[in-house]
Structure formats: structure tokens, C-alpha cells
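Chemist: Below you'll find run_0.cif; it's mmCIF, C-alpha atoms and all ligand atoms.
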```
data_work
#
loop_
_atom_site.group_PDB
_atom_site.id
_atom_site.type_symbol
_atom_site.label_atom_id
_atom_site.label_comp_id
_atom_site.auth_asym_id
_atom_site.auth_seq_id
_atom_site.Cartn_x
_atom_site.Cartn_y
_atom_site.Cartn_z
ATOM 1 C CA MET J 1 113.365 -76.497 96.233
ATOM 2 C CA GLU J 2 110.178 -76.385 94.270
ATOM 3 C CA ASP J 3 111.409 -78.417 91.336
ATOM 4 C CA PHE J 4 114.481 -80.029 89.861
ATOM 5 C CA ARG J 5 115.316 -77.142 87.500
ATOM 6 C CA THR J 6 115.315 -74.743 90.442
ATOM 7 C CA LEU J 7 117.696 -77.054 92.276
ATOM 8 C CA VAL J 8 119.995 -77.278 89.248
ATOM 9 C CA LEU J 9 119.997 -73.508 88.796
ATOM 10 C CA ASN J 10 120.761 -72.928 92.457
ATOM 11 C CA ARG J 11 123.745 -75.259 92.599
ATOM 12 C CA PHE J 12 126.937 -73.377 91.892
ATOM 13 C CA SER J 13 130.615 -73.650 92.719
ATOM 14 C CA CYS J 14 130.818 -71.943 96.084
ATOM 15 C CA ARG J 15 134.338 -70.692 96.783
ATOM 16 C CA LYS J 16 133.698 -68.615 99.912
ATOM 17 C CA TYR J 17 132.065 -70.082 102.986
ATOM 18 C CA ASP J 18 130.767 -68.725 106.266
ATOM 19 C CA THR J 19 133.643 -69.631 108.584
ATOM 20 C CA MET J 20 131.505 -69.065 111.681
ATOM 21 C CA ARG J 21 128.802 -71.566 110.769
ATOM 22 C CA ARG J 22 129.415 -75.291 110.620
ATOM 23 C CA PRO J 23 126.839 -77.656 109.090
ATOM 24 C CA SER J 24 125.493 -80.060 111.717
ATOM 25 C CA LEU J 25 126.437 -83.729 111.650
ATOM 26 C CA GLU J 26 122.775 -84.544 110.921
ATOM 27 C CA LEU J 27 122.815 -82.293 107.878
ATOM 28 C CA LEU J 28 126.040 -83.816 106.573
ATOM 29 C CA ALA J 29 124.674 -87.305 107.215
ATOM 30 C CA ASP J 30 121.580 -86.409 105.211
ATOM 31 C CA VAL J 31 123.703 -85.203 102.294
ATOM 32 C CA LEU J 32 125.747 -88.400 102.474
ATOM 33 C CA GLU J 33 122.560 -90.448 102.392
ATOM 34 C CA ASP J 34 121.854 -88.944 98.971
ATOM 35 C CA ALA J 35 125.332 -90.038 97.863
ATOM 36 C CA ARG J 36 124.725 -93.537 99.205
ATOM 37 C CA LEU J 37 121.530 -93.780 97.148
ATOM 38 C CA ALA J 38 123.252 -92.825 93.883
ATOM 39 C CA PRO J 39 123.163 -95.293 91.006
ATOM 40 C CA SER J 40 126.321 -97.089 89.885
ATOM 41 C CA ALA J 41 127.255 -99.511 87.114
ATOM 42 C CA CYS J 42 125.929 -102.987 88.008
ATOM 43 C CA ASN J 43 125.109 -101.460 91.402
ATOM 44 C CA ARG J 44 128.690 -102.103 92.487
ATOM 45 C CA GLN J 45 128.762 -98.936 94.631
ATOM 46 C CA PRO J 46 132.574 -98.827 94.400
ATOM 47 C CA TRP J 47 132.920 -95.848 96.686
ATOM 48 C CA GLU J 48 133.836 -94.466 100.056
ATOM 49 C CA PHE J 49 133.116 -90.999 101.406
ATOM 50 C CA TRP J 50 135.507 -89.618 103.978
ATOM 51 C CA VAL J 51 134.163 -86.683 105.946
ATOM 52 C CA ILE J 52 136.406 -84.094 107.575
ATOM 53 C CA ASP J 53 134.519 -81.532 109.602
ATOM 54 C CA SER J 54 136.943 -80.461 112.306
ATOM 55 C CA GLU J 55 140.374 -78.924 112.713
ATOM 56 C CA GLY J 56 143.321 -81.304 112.679
ATOM 57 C CA PRO J 57 145.833 -83.084 110.472
ATOM 58 C CA ALA J 58 143.222 -84.470 108.079
ATOM 59 C CA ARG J 59 141.917 -81.003 107.334
ATOM 60 C CA GLU J 60 145.475 -79.709 106.899
ATOM 61 C CA ALA J 61 146.188 -82.547 104.459
ATOM 62 C CA VAL J 62 143.261 -81.508 102.278
ATOM 63 C CA ILE J 63 144.385 -77.884 102.321
ATOM 64 C CA ALA J 64 147.964 -78.916 101.469
ATOM 65 C CA SER J 65 146.728 -80.917 98.491
ATOM 66 C CA TYR J 66 144.882 -77.917 97.037
ATOM 67 C CA GLU J 67 146.780 -74.703 97.584
ATOM 68 C CA ARG J 68 144.026 -72.134 97.127
ATOM 69 C CA GLU J 69 143.183 -69.653 99.868
ATOM 70 C CA TRP J 70 139.444 -70.086 99.458
ATOM 71 C CA ILE J 71 139.523 -73.759 100.420
ATOM 72 C CA ARG J 72 140.425 -72.695 103.986
ATOM 73 C CA THR J 73 137.019 -71.074 104.373
ATOM 74 C CA ALA J 74 135.203 -74.408 103.978
ATOM 75 C CA PRO J 75 134.187 -75.902 107.332
ATOM 76 C CA ALA J 76 133.835 -79.443 105.983
ATOM 77 C CA PHE J 77 135.121 -81.641 103.187
ATOM 78 C CA ILE J 78 133.730 -84.811 101.698
ATOM 79 C CA ILE J 79 136.403 -86.833 99.928
ATOM 80 C CA CYS J 80 134.941 -89.140 97.279
ATOM 81 C CA LEU J 81 137.129 -92.206 96.804
ATOM 82 C CA GLY J 82 136.842 -95.083 94.358
ATOM 83 C CA ARG J 83 137.550 -98.685 95.296
ATOM 84 C CA GLU J 84 139.385 -99.642 92.141
ATOM 85 C CA ALA J 85 138.865 -103.387 92.465
ATOM 86 C CA GLU J 86 135.094 -102.979 92.784
ATOM 87 C CA GLY J 87 134.374 -100.829 89.737
ATOM 88 C CA TRP J 88 132.529 -102.263 86.760
ATOM 89 C CA VAL J 89 134.717 -102.696 83.684
ATOM 90 C CA ARG J 90 133.077 -102.729 80.255
ATOM 91 C CA PRO J 91 134.303 -105.912 78.609
ATOM 92 C CA PHE J 92 134.351 -104.558 75.039
ATOM 93 C CA ASP J 93 137.063 -101.984 75.666
ATOM 94 C CA VAL J 94 138.089 -102.783 79.255
ATOM 95 C CA HIS J 95 136.997 -99.313 80.361
ATOM 96 C CA SER J 96 136.584 -98.897 84.112
ATOM 97 C CA HIS J 97 133.528 -96.925 85.162
ATOM 98 C CA ILE J 98 134.865 -95.897 88.573
ATOM 99 C CA ASP J 99 135.077 -92.231 87.585
ATOM 100 C CA VAL J 100 131.546 -92.293 86.190
ATOM 101 C CA ASP J 101 130.151 -93.880 89.363
ATOM 102 C CA LEU J 102 132.030 -91.523 91.644
ATOM 103 C CA SER J 103 130.984 -88.511 89.586
ATOM 104 C CA ILE J 104 127.317 -89.382 89.925
ATOM 105 C CA ALA J 105 127.668 -89.768 93.688
ATOM 106 C CA ALA J 106 129.658 -86.534 93.956
ATOM 107 C CA GLU J 107 127.026 -84.621 92.036
ATOM 108 C CA HIS J 108 124.328 -86.096 94.286
ATOM 109 C CA ILE J 109 126.330 -84.567 97.143
ATOM 110 C CA CYS J 110 126.433 -81.156 95.451
ATOM 111 C CA LEU J 111 122.742 -81.138 94.565
ATOM 112 C CA SER J 112 121.765 -82.429 97.996
ATOM 113 C CA ALA J 113 123.924 -79.767 99.633
ATOM 114 C CA THR J 114 122.071 -77.123 97.613
ATOM 115 C CA ALA J 115 118.714 -78.591 98.610
ATOM 116 C CA HIS J 116 119.830 -78.345 102.241
ATOM 117 C CA GLY J 117 120.834 -74.681 101.900
ATOM 118 C CA LEU J 118 124.550 -75.474 101.749
ATOM 119 C CA GLY J 119 127.195 -74.477 99.254
ATOM 120 C CA SER J 120 129.583 -76.938 97.651
ATOM 121 C CA CYS J 121 132.204 -77.134 94.923
ATOM 122 C CA TRP J 122 133.804 -79.895 92.910
ATOM 123 C CA VAL J 123 137.558 -79.938 93.404
ATOM 124 C CA CYS J 124 139.617 -82.290 91.241
ATOM 125 C CA ASN J 125 142.702 -80.122 90.764
ATOM 126 C CA PHE J 126 144.258 -81.396 93.985
ATOM 127 C CA ASN J 127 147.613 -83.139 94.235
ATOM 128 C CA PRO J 128 146.612 -86.791 94.652
ATOM 129 C CA GLU J 129 149.943 -87.849 96.131
ATOM 130 C CA VAL J 130 149.853 -85.110 98.775
ATOM 131 C CA LEU J 131 146.285 -86.080 99.650
ATOM 132 C CA ARG J 132 147.120 -89.798 99.701
ATOM 133 C CA ARG J 133 150.059 -89.293 102.039
ATOM 134 C CA GLY J 134 148.238 -86.817 104.272
ATOM 135 C CA LEU J 135 145.128 -88.936 104.725
ATOM 136 C CA ASP J 136 146.914 -92.283 104.591
ATOM 137 C CA ILE J 137 144.796 -93.473 101.684
ATOM 138 C CA PRO J 138 145.665 -97.087 100.882
ATOM 139 C CA GLU J 139 146.554 -98.369 97.413
ATOM 140 C CA GLY J 140 143.465 -99.447 95.524
ATOM 141 C CA LEU J 141 141.441 -96.532 96.840
ATOM 142 C CA ARG J 142 141.532 -93.560 94.475
ATOM 143 C CA PRO J 143 140.572 -90.043 95.543
ATOM 144 C CA VAL J 144 138.351 -88.752 92.732
ATOM 145 C CA ALA J 145 137.002 -85.487 94.114
ATOM 146 C CA ILE J 146 137.143 -83.259 97.147
ATOM 147 C CA ILE J 147 133.813 -81.591 97.851
ATOM 148 C CA PRO J 148 134.047 -78.662 100.277
ATOM 149 C CA VAL J 149 130.699 -78.123 101.984
ATOM 150 C CA GLY J 150 129.415 -75.278 104.134
ATOM 151 C CA TYR J 151 127.091 -72.337 104.282
ATOM 152 C CA PRO J 152 127.950 -69.747 101.616
ATOM 153 C CA ALA J 153 129.545 -66.601 103.062
ATOM 154 C CA GLU J 154 127.382 -63.536 103.473
ATOM 155 C CA GLY J 155 126.947 -61.706 100.201
ATOM 156 C CA ILE J 156 127.595 -64.772 98.060
ATOM 157 C CA THR J 157 124.800 -65.150 95.558
ATOM 158 C CA VAL J 158 124.090 -67.705 92.875
ATOM 159 C CA PRO J 159 125.887 -66.533 89.719
ATOM 160 C CA ALA J 160 124.249 -66.680 86.310
ATOM 161 C CA LYS J 161 125.158 -69.863 84.455
ATOM 162 C CA THR J 162 127.583 -69.558 81.569
ATOM 163 C CA ARG J 163 126.861 -72.526 79.368
ATOM 164 C CA LYS J 164 127.065 -73.466 75.697
ATOM 165 C CA SER J 165 123.795 -73.081 73.874
ATOM 166 C CA ALA J 166 121.603 -76.113 73.238
ATOM 167 C CA ASP J 167 122.328 -75.728 69.501
ATOM 168 C CA GLU J 168 126.028 -76.195 70.076
ATOM 169 C CA ILE J 169 125.800 -79.418 72.040
ATOM 170 C CA ILE J 170 122.609 -81.297 71.200
ATOM 171 C CA ARG J 171 122.069 -83.310 68.066
ATOM 172 C CA TRP J 172 118.612 -84.696 67.453
ATOM 173 C CA LEU J 173 119.292 -87.723 65.240
HETATM 174 C C1 LIG K 1 135.064 -82.664 87.392
HETATM 175 C C2 LIG K 1 135.129 -81.257 87.909
HETATM 176 C C3 LIG K 1 136.302 -80.798 88.475
HETATM 177 C C4 LIG K 1 136.366 -79.501 89.002
HETATM 178 N N1 LIG K 1 137.493 -79.116 89.665
HETATM 179 C C5 LIG K 1 137.549 -77.877 90.200
HETATM 180 C C6 LIG K 1 138.683 -77.469 90.953
HETATM 181 O O1 LIG K 1 139.648 -78.199 91.134
HETATM 182 N N2 LIG K 1 138.674 -76.216 91.480
HETATM 183 C C7 LIG K 1 137.606 -75.356 91.333
HETATM 184 O O2 LIG K 1 137.653 -74.250 91.862
HETATM 185 N N3 LIG K 1 136.501 -75.726 90.627
HETATM 186 C C8 LIG K 1 136.449 -76.963 90.063
HETATM 187 N N4 LIG K 1 135.328 -77.355 89.387
HETATM 188 C C9 LIG K 1 134.183 -76.431 89.268
HETATM 189 C C10 LIG K 1 133.994 -75.916 87.846
HETATM 190 O O3 LIG K 1 134.958 -74.944 87.561
HETATM 191 C C11 LIG K 1 132.558 -75.355 87.724
HETATM 192 O O4 LIG K 1 131.641 -76.397 87.952
HETATM 193 C C12 LIG K 1 132.267 -74.731 86.385
HETATM 194 O O5 LIG K 1 133.094 -73.615 86.150
HETATM 195 C C13 LIG K 1 130.806 -74.281 86.271
HETATM 196 O O6 LIG K 1 130.464 -73.376 87.295
HETATM 197 P P1 LIG K 1 129.317 -73.689 88.354
HETATM 198 O O7 LIG K 1 129.679 -74.965 89.076
HETATM 199 O O8 LIG K 1 129.304 -72.518 89.280
HETATM 200 O O9 LIG K 1 128.026 -73.850 87.622
HETATM 201 C C14 LIG K 1 135.245 -78.636 88.876
HETATM 202 C C15 LIG K 1 134.076 -79.108 88.306
HETATM 203 C C16 LIG K 1 134.003 -80.402 87.849
HETATM 204 C C17 LIG K 1 132.693 -80.917 87.306
#
```
For the structure just supplied, provide its representation as C-alpha cells.

Modeler:
Amino acid sequence: MEDFRTLVLNRFSCRKYDTMRRPSLELLADVLEDARLAPSACNRQPWEFWVIDSEGPAREAVIASYEREWIRTAPAFIICLGREAEGWVRPFDVHSHIDVDLSIAAEHICLSATAHGLGSCWVCNFNPEVLRRGLDIPEGLRPVAIIPVGYPAEGITVPAKTRKSADEIIRWL
């Protein structure tokens, strides 16, 4: 990627993957390194990343938690989980920043995947209880996002971004 804007423009929600091509462990490890390096409130790093890149009950649990056909095309999943006891809590309003921390790390994963030629997609509309049971996730560890990762299927191209205009969302005070 020649610059950050190009990277941002090239990241998109990929919902169809090449089922014949699996990202190598080295590639996935490289993407995860970018998640590990993400910033977090007070540098608490209240996260875990569970990687599923083969057939088996773990993969089936992810698919059961998110009943969309397209998810089956993804060769790998990275589950982003928050360690609830480790998150920074703002004292003024007792607001936990676990979701903020995990979101930053998850987006590092998506951008890194793009930089490595991989597709990815945020998935939060999963059934947390089904995922918890299927992956045996202990109490105190909260699944925040599932990120499917893989090579985009043939013919999948980066769609144009549909976004609100700068006028609608930015206030220069
Ligand atoms: C927090 C969050 C949760 C999301 N959850 C889902 C999801 O459950 N399923 C899905 O298909 N896309 C999901 N998305 C993807 C969004 O629909 C997508 O990012 C948005 O439409 C913009 O499209 P783009 O990612 O291609 O730029 C989610 C995105 C975010 C940031």
C-alpha cells in the first residue's frame, strides 16, 4: 500500500472468500502482530485473539453463532475477546473502555489484512451465548467481534464507499 488513504480505501467488508486458498500461518501471525501492537487505555491490553483456521467444532461454533451463508466461505476467523477485569474504567462515569480497546485492535486486524492482500469483515451480529457455549469461553472474557479473514473470492472488487459527507459529521469549533 503506497499510503494510509489507499489502505483505508481498499479495506472493505468482504463477504465472499476464496474457499480454495487459505492464508498461511505466517500471514495470520503477521496480522495478529499488528493487533498486538494496537494502543489501549492505560496500555492495559485487555484482550485475547482466538484464531480458528481449520475445520472442526470451533469453526462450527462460529458458524452457528452467525447464521449467514457467506460466513462459511471464510477460511479463518479471529475472535476478539475482552478481559473484563483488565479494562480501564474512567472514574468520572465508571465507563469501561473494553469495547474501545477491542475495536482499535480489531480494526488493526482489518487494515493489516488489507495490507497483506486479504479480505476481512467486522461481525458483531453474532449470538454471544451460542459462541460462548461453542468455544467454551469463560466468564469474564467477552467476545466483542468475529473477524473472518481470507483471500477475497474471484471477481470480488473493492466497492465504492458510501459515507456521510464531511459537512454532515465534522464541526470545526
Ligand atoms: C462494529 C461493527 C459491527 C459490524 N457487524 C457486522 C455484522 O455483524 N455483519 C456484517 O455483515 N457486517 C458487519 N459490519 C460491517 C459493516 O456493515 C460495514 O463496515 C459498513 O457497512 C461499511 O462498509 P465497508 O466495511 O465495506 O466499508 C460491522 C461493522 C462494524 C464496524

Chemist: Go through the chains and note each residue within 6 Å of ligand LIG 1 (chain K), using all atoms listed in the file, then give the set as a PDB file with C-alpha atoms, in the frame of the given file.

Modeler:
```pdb
ATOM      1  CA  PHE J  12     126.937 -73.377  91.892  1.00  0.00           C
ATOM      2  CA  SER J  13     130.615 -73.650  92.719  1.00  0.00           C
ATOM      3  CA  TRP J 122     133.804 -79.895  92.910  1.00  0.00           C
ATOM      4  CA  VAL J 123     137.558 -79.938  93.404  1.00  0.00           C
ATOM      5  CA  CYS J 124     139.617 -82.290  91.241  1.00  0.00           C
ATOM      6  CA  ASN J 125     142.702 -80.122  90.764  1.00  0.00           C
ATOM      7  CA  LYS J 161     125.158 -69.863  84.455  1.00  0.00           C
TER       8      LYS J 161
END
```

Chemist: Applied to this file, what does the PyMOL selection byres (((chain J and resi 105-121) around 7) and not hetatm) return in terms of residues, put as number ranges by chain?

Modeler: J: 1, 7, 10-11, 13-14, 31-32, 34-35, 38, 80, 101-104, 122-123, 147-152

Chemist: Check what the PyMOL selection byres (((chain J and resi 96) around 12) and not hetatm) selects in the file above and give those residues as a PyMOL selection string.

Modeler: chain J and resi 40-41+44+46+82-95+97-102

Chemist: At what distance in Å, to one decimal, does CA of Tyr17 in chain J lie from CA of Glu33 in chain J?

Modeler: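 These two atoms are separated by 22.5 Å.
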
Chemist: Quick check, in Å to one decimal: how far apart do CA of Ile137 in chain J and CA of Glu48 in chain J lie?

Modeler: 11.1 Å

Chemist: If you measure from CA of Val8 in chain J to CA of Val144 in chain J, what distance in Å do you get, rounded to one decimal?

Modeler: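 According to the coordinates, CA of Val8 in chain J and CA of Val144 in chain J are separated by 21.9 Å.
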
Chemist: Given all atoms listed in the file as the basis, pick out the residue of J:Ala64, J:Ala76, J:Ala160, J:Leu173 nearest to Val51 in chain J.

Modeler: J:Ala76

Chemist: Given the file shown, enumerate the residues that the PyMOL selection byres (((chain J and resi 54) around 12) and not hetatm) captures and present them as a list in words.

Modeler: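 Selected by the PyMOL selection byres (((chain J and resi 54) around 12) and not hetatm) here: Thr19, Arg22, Pro23, Ser24, Leu25, Val51, Ile52, Asp53, Glu55, Gly56, Pro57, Ala58, Arg59, Glu60, Val62, Arg72, Ala74, Pro75, Ala76, Phe77 and Ile78 of chain J.
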
Chemist: Taking into account only C-alpha atoms, which residue in the set J:Arg21, J:Phe49, J:Ala145, J:Ala166 is nearest to Arg36 in chain J?

Modeler: J:Phe49
